[in-house]
Amino acid sequence: MDTAFVSPLRLLRTTAGATASRTCTVVAKAVESCGEDCVENMSRFANLFEKDRSDAIPIRALSSNEYDEWVRSQRAGMDAWLRANRFSSKKAGSVAIVPIMGGSEGVDDGKIISEVILSTGSAKSEPWTYADLPKKLPPNTCYEVTGDFDEDALSLGWALGGYEFNKYKSQKKSSKNNTKPPTLKSWPKDRTAAAIRSTYLARDLINHPAEDMTPLQLENAIRALGDRYAARTESIIGDALLEKTFPMIHAVGRAARSAGCEPRLIDLRYNSERTELPLVTIVGKGVCYDTGGLDIKPPAGMRNMKKDMGGAATAMGLAGMIMETDPPLRVRLLIPAVENSISGEAYRPGDILQSRKGITTEIENTDAEGRLILADAIHYACEEKPDLLIDFATLTGAQRVALGVEIPGVFCSNEEDGRVLQDQSKGENDLVWQLPLHAPYRKMLDSSIADMKNCSTGGFAGAITAALYLKEFVSKPTRWIHIDHMGFNPSSKPGRPEGGEAQGMRALFKFIMHTFNV
């Protein structure tokens with residue numbers, strides 16, 4: 001049994017005596033390494049690229065218009081043959097594998113593919129046009145794209161389409177018949193490679209089950225990320241949160257008392273000694289599992305709540321992109337990490353919580369916990385007066401109702417920032433959409449006995465009222481962007497497999513580079 005890939009709880013329940021003692025040690029080490037493994041494995045996309053190959057099979061990339069001209073120059077019947085093989089020149093991403101025809105030449109040395117035809121349609125700059133290639137092409141072969149294509153979109157689409165998370169599968173696909181995935185004769189440019197690494201990191205973190213991605217393991221991942229880029233990482237854990245005045249992070253996480261599940265605030269700093277540089281602070285919601293607390297979720301609502309640390313994972317990815325490309329910026333990453341669990345110590349509906357800022361909150365619903373831990377972290381971030389403050393959070397179902405699961409909602413203290421970000425996100429194929437911080441809705445959070453409630457009692461404008469709650473903890477004139485996202489693909493699409501997703505990360509990176517002209 002490979003203990004590195006077995007649930008520690010399931011394994012420990014089936015062991016006894018001295019065997020149990022030995023196994024416990026192995027499992028503890030394996031589980032504690034899950035966070036570090038995510039950072040170590042973020043460069044595994046390199047297995048999908050081979051820059052120096054002389055025997056690569058050509059992939060001919062053709063737009064809809066180019067196809068018409070090209071096919072007229074081919075042998076009679078080529079167009080009919082391609083259509084019979086379900087190739088469509090109008091559909092971006094359509095692929096046809098053309099075998100060597102007219103005799104056995106080339107077959108003797110094992111080559112049976114003449115070329116691959118790829119339609120870019122009218123979407124050559126979209127990574128999803130190229131993202132199905134690693135799944136559709138035969139393995140153990142290298143390919144080289146020719147024709148009219150976008151190099152960055154190709155590299156990004158190829159790598160994201162080749163992503164797999166099979167850590168917990170006993171039979172790996174690649175182990176069957178000793179196959180290796182198809183490779184691309186290329187290598188991503190630096191910023192594209194940074195985006196790929198960070199996407200792999202965020203996806204891996206979210207895809208781990210909660211038993212293997214506790215607050216401790218999330219901290220381990222952040223420390224490993226910091227070590228990779230010579231950043232400094234500190235944490236405040238358990239009851240020390242009360243001593244250091246982070247009462248709401250402590251309140252949400254205090255019910256989880258298992259080893260490694262204690263609430264904590266993790267603080268990573270990069271280039272911190274270079275005080276002349278602009279400071280970008282990124283906060284991520286790190287609820288490693290969300291039962292809903294005493295206002296417990298129904299089974300369907302709890303099923304995928306391992307993803308409730310998707311904000312933390314995406315924030316880590318964005319910080320990683322910046323540190324990887326090393327622009328003249330300081331970076332601070334703040335992750336409040338908790339489990340919203342149920343026990344006799346759990347915080348209750350009707351409780352009134354004190355915040356770091358001094359604002360009191362009446363708990364209307366314990367399942368509106370993410371904004372509570374973010375509030376303490378956001379106010380702490382503002383104490384340092386960052387030049388730009390960003391937070392990522394899988395915060396509300398209302399955002400998904402408004403925009404669906406693919407488009408994050410964005411709220412900005414400066415609406416012009418939102419317009420610029422939204423426009424840039426289109427070019428990055430990482431769409432976000434600005435929603436209003438509609439001030440009149442603030443009264444929906446009014447409390448008769450505290451400064452405000454943590455959520456409204458009605459079913460309206462939930463994403464807006466959540467953002468307005470966070471806004472109370474943002475010190476003026478801080479430049480603030482709040483991203484409310486799903487962090488998860490409910491089903492698979494080209495380049496976006498079912499599971500964790502770093503939504504909004506590339507868009508925010510572009511915005512940061514543009515804002516600070518780096």
# chains A, B, ... in the order shown; residues from 1 in each chain; ligands from 1
call {"tool": "residues_around", "arguments": {"residues": "Leu403 (chain A)", "least_positions_apart": "3", "cutoff": "10 Å", "atoms": "only C-alpha atoms", "output": "PyMOL selection string"}}
result
chain A and resi 398-400+406-409+432-433+435+485
call {"tool": "residues_around", "arguments": {"residues": "Glu234 (chain A)", "least_positions_apart": "5", "cutoff": "9 Å", "atoms": "only C-alpha atoms", "output": "list in words"}}
result
Arg223, Leu265, Ile266, Asp267, Leu268 and Arg269 of chain A
call {"tool": "write_last_selection", "arguments": {"atoms": "C-alpha atoms", "output": "compact mmCIF listing (two decimals), in the first residue's frame"}}
result
# COMPACT_ATOMS: atom_id res chain seq x y z
CA ARG A 223 6.41 28.36 3.36
CA LEU A 265 -2.78 33.72 9.89
CA ILE A 266 0.08 33.13 7.46
CA ASP A 267 2.15 36.11 6.34
CA LEU A 268 4.63 35.93 3.42
CA ARG A 269 6.79 38.91 2.43
call {"tool": "residues_around", "arguments": {"residues": "region 486-491 of chain A", "least_positions_apart": "3", "cutoff": "7 Å", "atoms": "only C-alpha atoms", "output": "list in words"}}
result
Lys307, Gly310, Thr394, Val405, Pro408, Arg496, Pro497, Glu498, Gly499, Gly500, Glu501, Ala502 and Gln503 of chain A
call {"tool": "closest_residue", "arguments": {"among": "A:Val420, A:Ala507, A:Leu334, A:Leu160", "to": "Thr233 (chain A)", "atoms": "only C-alpha atoms"}}
result
A:Leu334
call {"tool": "select_by_dssp", "arguments": {"residues": "region 331-422 of chain A", "states": "helix (DSSP H, G or I)", "output": "list in words"}}
result
Gly370, Arg371, Leu372, Ile373, Leu374, Ala375, Asp376, Ala377, Ile378, His379, Tyr380, Ala381, Cys382, Gly397, Ala398, Gln399, Arg400, Val401, Ala402, Leu403, Glu415, Glu416, Asp417, Gly418, Arg419, Val420, Leu421 and Gln422 of chain A
call {"tool": "closest_residue", "arguments": {"among": "A:Ala255, A:Thr360, A:Tyr380, A:Gly311", "to": "Ile342 (chain A)", "atoms": "only C-alpha atoms"}}
result
A:Ala255
call {"tool": "closest_residue", "arguments": {"among": "A:His482, A:His379, A:Lys51, A:Lys306", "to": "His208 (chain A)", "atoms": "only C-alpha atoms"}}
result
A:Lys306
